[in-house]
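**Q** What follows is a single structure, and I will ask about it in a moment.
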Amino acid sequence: MALRKIREEGEECLRCVCKEVVEITPHIKDLIEDLIDTMYEADGVGLAAPQVGVRKRIAVVDVGEGPIVLINPVVVSSEGEQTGNEGCLSVPGKCGIVTRPMKVKVKTMTPEMTYEEIEGEGLLARAMLHEMDHLDGILYIDKVEGDLQDVGESEE
Ligand code: NI
């Protein structure tokens with residue numbers, strides 16, 4: 001297990017469009033494990049590779065149902081709408097209101113290099129979409145409605 005340093009808003013790696021993963025190397029497997037460990041250590045519900053300075057299309061999410069690994073994820077379909085509070089480990093101490101789809105179906109590569117579809121609703125949909133935004137250099141603060149609020153600790 002290795003924890004990686006979480007980069008904060010203002011760092012260039014958070015604003016880049018990340019590269020597709022073409023092969024699951026031991027290096028990539030280590031990165032996925034480290035992302036999961038770092039997410040849990042930081043008490044987050046998701047973490048994307050660019051948040052630890054790696055410009056690859058990989059993210060992990062856990063909304064309390066076990067870790068989900070997203071590799072080259074794409075949205076297949078979405079429906080509905082939810083408006084709620086969101087935070088980000090790269091924007092510590094802040095949160096804000098963001099509207100996203102209520103349900104989403106995401107196609108992702110697995111660590112075994114097969115493909116699967118993951119359906120998420122509510123918080124899982126929000127978390128996956130938030131992490132997928134990171135892979136394109138987008139932060140929730142770009143989408144926030146109204147002002148950012150201060151919180152004791154960030155939630156995502
Ligand atoms: Ni985030």
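In the structure tokens, chains take letters A, B, ... by order of appearance, with residues numbered from 1 within each chain and ligands from 1 in the order shown.
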Do you know which residues are at most 9 Å from A:Gly120 counting only C-alpha atoms, after dropping those on the same chain fewer than 3 positions away, and could you put them as a VMD selection string?
**A** chain A and resid 102 to 106 123 to 126 128
**Q** So that I can see what lies close to A:Gly137, please list as a list in words the residues with an atom at most 7 Å from it, counting only C-alpha atoms and leaving out residues fewer than 2 positions away in the same chain.
**A** Leu14, Arg15, Cys16, Val17, Asp133, His134, Leu135 and Leu139 of chain A
**Q** Those same residues, written as a CSV table (one decimal), in the first residue's frame with all heavy atoms?
**A**
```
chain,number,residue,atom,x,y,z
A,14,LEU,N,-4.4,19.1,-12.7
A,14,LEU,CA,-5.8,19.0,-12.5
A,14,LEU,C,-6.6,19.6,-13.7
A,14,LEU,O,-7.8,19.5,-13.8
A,14,LEU,CB,-6.3,19.7,-11.3
A,14,LEU,CG,-5.8,19.0,-10.0
A,14,LEU,CD1,-6.1,19.9,-8.8
A,14,LEU,CD2,-6.5,17.7,-9.8
A,15,ARG,N,-5.9,20.2,-14.6
A,15,ARG,CA,-6.6,20.9,-15.7
A,15,ARG,C,-6.2,20.3,-17.1
A,15,ARG,O,-6.5,20.9,-18.1
A,15,ARG,CB,-6.2,22.4,-15.7
A,15,ARG,CG,-6.8,23.1,-14.5
A,15,ARG,CD,-8.3,23.0,-14.5
A,15,ARG,NE,-8.9,23.8,-13.5
A,15,ARG,CZ,-10.3,23.9,-13.4
A,15,ARG,NH1,-11.0,23.2,-14.2
A,15,ARG,NH2,-10.8,24.7,-12.5
A,16,CYS,N,-5.6,19.1,-17.1
A,16,CYS,CA,-5.3,18.5,-18.4
A,16,CYS,C,-6.3,17.5,-18.8
A,16,CYS,O,-7.1,17.0,-18.0
A,16,CYS,CB,-3.9,17.8,-18.3
A,16,CYS,SG,-3.9,16.4,-17.3
A,17,VAL,N,-6.4,17.2,-20.1
A,17,VAL,CA,-7.2,16.1,-20.6
A,17,VAL,C,-6.3,14.9,-20.6
A,17,VAL,O,-5.2,14.8,-21.2
A,17,VAL,CB,-7.6,16.4,-22.1
A,17,VAL,CG1,-8.4,15.2,-22.6
A,17,VAL,CG2,-8.5,17.6,-22.1
A,133,ASP,N,-15.3,13.8,-14.9
A,133,ASP,CA,-14.9,15.2,-15.2
A,133,ASP,C,-13.4,15.5,-15.0
A,133,ASP,O,-12.8,16.2,-15.8
A,133,ASP,CB,-15.7,16.2,-14.3
A,133,ASP,CG,-17.1,16.5,-14.9
A,133,ASP,OD1,-17.4,16.1,-16.1
A,133,ASP,OD2,-17.9,17.2,-14.2
A,134,HIS,N,-12.9,14.9,-13.9
A,134,HIS,CA,-11.5,15.1,-13.6
A,134,HIS,C,-10.6,14.7,-14.7
A,134,HIS,O,-9.5,15.3,-15.0
A,134,HIS,CB,-11.0,14.3,-12.3
A,134,HIS,CG,-11.3,15.0,-11.0
A,134,HIS,ND1,-10.7,16.2,-10.7
A,134,HIS,CD2,-12.1,14.7,-10.0
A,134,HIS,CE1,-11.1,16.6,-9.5
A,134,HIS,NE2,-11.9,15.7,-9.0
A,135,LEU,N,-11.0,13.6,-15.4
A,135,LEU,CA,-10.2,13.1,-16.5
A,135,LEU,C,-10.1,14.0,-17.7
A,135,LEU,O,-9.3,13.9,-18.6
A,135,LEU,CB,-10.7,11.7,-16.9
A,135,LEU,CG,-10.9,10.7,-15.8
A,135,LEU,CD1,-11.4,9.4,-16.3
A,135,LEU,CD2,-9.6,10.5,-15.0
A,139,LEU,N,-13.2,20.6,-13.0
A,139,LEU,CA,-13.5,20.5,-11.5
A,139,LEU,C,-14.9,20.9,-11.2
A,139,LEU,O,-15.5,21.7,-12.0
A,139,LEU,CB,-12.6,21.4,-10.7
A,139,LEU,CG,-11.1,21.1,-10.9
A,139,LEU,CD1,-10.2,22.2,-10.1
A,139,LEU,CD2,-10.7,19.7,-10.4
```
**Q** Pick out the residues no farther than 6 Å from ligand 1, counting only C-alpha atoms and all ligand atoms, and list them as a JSON list (two decimals) with N, CA, C and O atoms, in the first residue's frame.
**A**
```json
[["chain", "number", "residue", "atom", "x", "y", "z"],
["A", 88, "CYS", "N", -14.62, 18.12, -3.17],
["A", 88, "CYS", "CA", -13.54, 17.47, -3.90],
["A", 88, "CYS", "C", -12.28, 17.50, -3.04],
["A", 88, "CYS", "O", -11.97, 18.53, -2.44],
["A", 89, "LEU", "N", -11.57, 16.37, -3.01],
["A", 89, "LEU", "CA", -10.34, 16.31, -2.21],
["A", 89, "LEU", "C", -9.29, 17.30, -2.70],
["A", 89, "LEU", "O", -8.40, 17.68, -1.94],
["A", 90, "SER", "N", -9.42, 17.74, -3.95],
["A", 90, "SER", "CA", -8.46, 18.71, -4.48],
["A", 90, "SER", "C", -8.87, 20.15, -4.20],
["A", 90, "SER", "O", -8.14, 21.08, -4.56],
["A", 131, "GLU", "N", -15.83, 12.23, -10.95],
["A", 131, "GLU", "CA", -14.48, 11.70, -11.22],
["A", 131, "GLU", "C", -14.18, 11.72, -12.72],
["A", 131, "GLU", "O", -13.05, 11.99, -13.13]]
```
**Q** Among stretch 11-146 of chain A, which ones does DSSP place in alpha helix (DSSP H), written as a list in words?
**A**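 The residues of stretch 11-146 of chain A classed as alpha helix (DSSP H) are Pro26, His27, Ile28, Lys29, Asp30, Leu31, Ile32, Glu33, Asp34, Leu35, Ile36, Asp37, Thr38, Met39, Tyr40, Glu41, Leu123, Leu124, Ala125, Arg126, Ala127, Met128, Leu129, His130, Glu131, Met132, Asp133 and His134 of chain A.
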**Q** Write the residues you've just listed into a file as a compact mmCIF listing (two decimals), in the first residue's frame, and include N, CA and C atoms for each of them.
**A**
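result36.txt was written with the following content:
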```txt
# COMPACT_ATOMS: atom_id res chain seq x y z
N PRO A 26 1.79 -3.60 -14.76
CA PRO A 26 1.95 -3.62 -13.30
C PRO A 26 1.95 -2.21 -12.71
N HIS A 27 2.51 -1.29 -13.44
CA HIS A 27 2.53 0.11 -13.02
C HIS A 27 1.10 0.66 -12.86
N ILE A 28 0.24 0.32 -13.82
CA ILE A 28 -1.16 0.77 -13.76
C ILE A 28 -1.88 0.09 -12.58
N LYS A 29 -1.60 -1.20 -12.39
CA LYS A 29 -2.24 -1.90 -11.26
C LYS A 29 -1.83 -1.27 -9.93
N ASP A 30 -0.57 -0.90 -9.81
CA ASP A 30 -0.10 -0.21 -8.60
C ASP A 30 -0.83 1.12 -8.42
N LEU A 31 -0.97 1.84 -9.52
CA LEU A 31 -1.65 3.13 -9.47
C LEU A 31 -3.08 2.96 -8.96
N ILE A 32 -3.80 1.95 -9.48
CA ILE A 32 -5.19 1.71 -9.06
C ILE A 32 -5.25 1.41 -7.56
N GLU A 33 -4.35 0.55 -7.08
CA GLU A 33 -4.32 0.23 -5.65
C GLU A 33 -4.03 1.48 -4.82
N ASP A 34 -3.09 2.27 -5.30
CA ASP A 34 -2.73 3.48 -4.56
C ASP A 34 -3.88 4.49 -4.54
N LEU A 35 -4.61 4.58 -5.66
CA LEU A 35 -5.76 5.49 -5.70
C LEU A 35 -6.80 5.07 -4.67
N ILE A 36 -7.06 3.77 -4.59
CA ILE A 36 -8.05 3.27 -3.62
C ILE A 36 -7.56 3.55 -2.19
N ASP A 37 -6.31 3.23 -1.91
CA ASP A 37 -5.77 3.47 -0.56
C ASP A 37 -5.82 4.96 -0.20
N THR A 38 -5.44 5.78 -1.16
CA THR A 38 -5.39 7.23 -0.91
C THR A 38 -6.79 7.80 -0.72
N MET A 39 -7.76 7.28 -1.50
CA MET A 39 -9.15 7.71 -1.35
C MET A 39 -9.67 7.38 0.05
N TYR A 40 -9.42 6.16 0.52
CA TYR A 40 -9.91 5.77 1.85
C TYR A 40 -9.21 6.57 2.94
N GLU A 41 -7.90 6.75 2.79
CA GLU A 41 -7.14 7.49 3.80
C GLU A 41 -7.67 8.92 3.94
N LEU A 123 -26.09 9.19 -5.46
CA LEU A 123 -24.70 9.53 -5.12
C LEU A 123 -23.70 8.81 -6.02
N LEU A 124 -24.00 7.56 -6.38
CA LEU A 124 -23.05 6.84 -7.25
C LEU A 124 -22.94 7.51 -8.62
N ALA A 125 -24.07 7.94 -9.15
CA ALA A 125 -24.04 8.65 -10.44
C ALA A 125 -23.25 9.95 -10.30
N ARG A 126 -23.52 10.67 -9.23
CA ARG A 126 -22.82 11.94 -9.01
C ARG A 126 -21.31 11.71 -8.87
N ALA A 127 -20.94 10.70 -8.08
CA ALA A 127 -19.52 10.45 -7.84
C ALA A 127 -18.80 10.04 -9.12
N MET A 128 -19.42 9.15 -9.91
CA MET A 128 -18.77 8.71 -11.15
C MET A 128 -18.60 9.89 -12.11
N LEU A 129 -19.63 10.72 -12.22
CA LEU A 129 -19.55 11.85 -13.16
C LEU A 129 -18.54 12.89 -12.69
N HIS A 130 -18.47 13.09 -11.39
CA HIS A 130 -17.48 14.02 -10.83
C HIS A 130 -16.06 13.53 -11.17
N GLU A 131 -15.83 12.23 -10.95
CA GLU A 131 -14.48 11.70 -11.22
C GLU A 131 -14.18 11.72 -12.72
N MET A 132 -15.18 11.41 -13.54
CA MET A 132 -14.95 11.43 -14.99
C MET A 132 -14.64 12.84 -15.48
N ASP A 133 -15.25 13.84 -14.85
CA ASP A 133 -14.91 15.23 -15.20
C ASP A 133 -13.42 15.49 -14.97
N HIS A 134 -12.89 14.94 -13.86
CA HIS A 134 -11.46 15.14 -13.56
C HIS A 134 -10.58 14.68 -14.74
```
**Q** Using only C-alpha atoms, determine which residues lie at most 6 Å from stretch 66-79 of chain A, disregarding the query and same-chain residues fewer than 2 positions distant; provide the list as an NGL selection string.
**A** :A and (20 or 57-62 or 64 or 101 or 103-109)
**Q** What is the atom CA of A:Pro111 to atom CA of A:Arg55 distance in Å?
**A** 17.4 Å
**Q** Pick out the closest residue to A:Ile141 from this set: A:Arg100, A:Pro50, A:Lys94, A:Glu116. Count only C-alpha atoms.
**A**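 With only C-alpha atoms as the atom set, the closest residue is A:Lys94.
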**Q** Could you please write out, as a PDB file with C-alpha atoms, in the first residue's frame, every residue of chain A that DSSP assigns to strand (DSSP E)?
**A**
```pdb
ATOM      1  CA  GLY A  46     -13.808   9.102  -5.260  1.00  0.00           C
ATOM      2  CA  LEU A  47     -10.367   9.912  -6.583  1.00  0.00           C
ATOM      3  CA  ALA A  48      -9.050  10.342 -10.117  1.00  0.00           C
ATOM      4  CA  ILE A  58      -8.386   6.136 -14.390  1.00  0.00           C
ATOM      5  CA  ALA A  59     -10.532   6.871 -11.361  1.00  0.00           C
ATOM      6  CA  VAL A  60     -11.885   5.037  -8.348  1.00  0.00           C
ATOM      7  CA  VAL A  61     -15.189   5.512  -6.544  1.00  0.00           C
ATOM      8  CA  ILE A  68     -15.373   0.687  -8.308  1.00  0.00           C
ATOM      9  CA  VAL A  69     -12.500   1.139 -10.743  1.00  0.00           C
ATOM     10  CA  LEU A  70     -13.111   3.242 -13.853  1.00  0.00           C
ATOM     11  CA  ILE A  71     -10.648   2.918 -16.743  1.00  0.00           C
ATOM     12  CA  ASN A  72     -11.291   4.929 -19.915  1.00  0.00           C
ATOM     13  CA  PRO A  73     -14.878   5.455 -18.739  1.00  0.00           C
ATOM     14  CA  VAL A  74     -17.510   6.928 -21.035  1.00  0.00           C
ATOM     15  CA  VAL A  75     -21.119   7.839 -20.379  1.00  0.00           C
ATOM     16  CA  VAL A  76     -23.431   5.556 -22.393  1.00  0.00           C
ATOM     17  CA  SER A  77     -26.680   7.124 -21.238  1.00  0.00           C
ATOM     18  CA  SER A  78     -28.046   9.355 -18.539  1.00  0.00           C
ATOM     19  CA  GLU A  79     -31.423  10.441 -17.305  1.00  0.00           C
ATOM     20  CA  GLN A  82     -30.245  15.829  -9.159  1.00  0.00           C
ATOM     21  CA  THR A  83     -29.138  19.011  -7.466  1.00  0.00           C
ATOM     22  CA  GLY A  84     -26.999  18.649  -4.391  1.00  0.00           C
ATOM     23  CA  ASN A  85     -23.883  19.384  -2.458  1.00  0.00           C
ATOM     24  CA  GLU A  86     -20.509  18.330  -3.779  1.00  0.00           C
ATOM     25  CA  LYS A  94     -15.076  23.756   0.335  1.00  0.00           C
ATOM     26  CA  CYS A  95     -18.346  22.491  -1.071  1.00  0.00           C
ATOM     27  CA  GLY A  96     -20.987  23.725  -3.436  1.00  0.00           C
ATOM     28  CA  ILE A  97     -24.209  22.924  -5.233  1.00  0.00           C
ATOM     29  CA  VAL A  98     -23.954  21.088  -8.553  1.00  0.00           C
ATOM     30  CA  THR A  99     -26.717  19.698 -10.783  1.00  0.00           C
ATOM     31  CA  ARG A 100     -25.994  16.384 -12.498  1.00  0.00           C
ATOM     32  CA  LYS A 103     -28.982   8.109 -13.277  1.00  0.00           C
ATOM     33  CA  VAL A 104     -26.061   7.235 -15.460  1.00  0.00           C
ATOM     34  CA  LYS A 105     -24.775   4.224 -17.336  1.00  0.00           C
ATOM     35  CA  VAL A 106     -21.011   4.172 -17.744  1.00  0.00           C
ATOM     36  CA  LYS A 107     -18.956   1.893 -19.965  1.00  0.00           C
ATOM     37  CA  THR A 108     -15.544   1.152 -18.532  1.00  0.00           C
ATOM     38  CA  MET A 109     -12.597  -1.116 -19.097  1.00  0.00           C
ATOM     39  CA  TYR A 115     -15.469  -4.017 -20.824  1.00  0.00           C
ATOM     40  CA  GLU A 116     -18.409  -3.629 -18.529  1.00  0.00           C
ATOM     41  CA  GLU A 117     -21.268  -1.240 -17.954  1.00  0.00           C
ATOM     42  CA  ILE A 118     -21.942   0.189 -14.534  1.00  0.00           C
ATOM     43  CA  GLU A 119     -25.274   1.772 -13.703  1.00  0.00           C
ATOM     44  CA  GLY A 120     -25.392   4.303 -10.937  1.00  0.00           C
ATOM     45  CA  GLU A 121     -28.128   6.339  -9.357  1.00  0.00           C
ATOM     46  CA  GLU A 145     -24.340  27.047  -8.695  1.00  0.00           C
ATOM     47  CA  GLY A 146     -23.843  30.079  -6.500  1.00  0.00           C
ATOM     48  CA  ASP A 147     -20.867  30.459  -4.196  1.00  0.00           C
ATOM     49  CA  LEU A 148     -18.617  27.821  -2.730  1.00  0.00           C
ATOM     50  CA  GLN A 149     -19.302  27.189   0.935  1.00  0.00           C
ATOM     51  CA  ASP A 150     -16.825  26.457   3.701  1.00  0.00           C
TER      52      ASP A 150
END
```
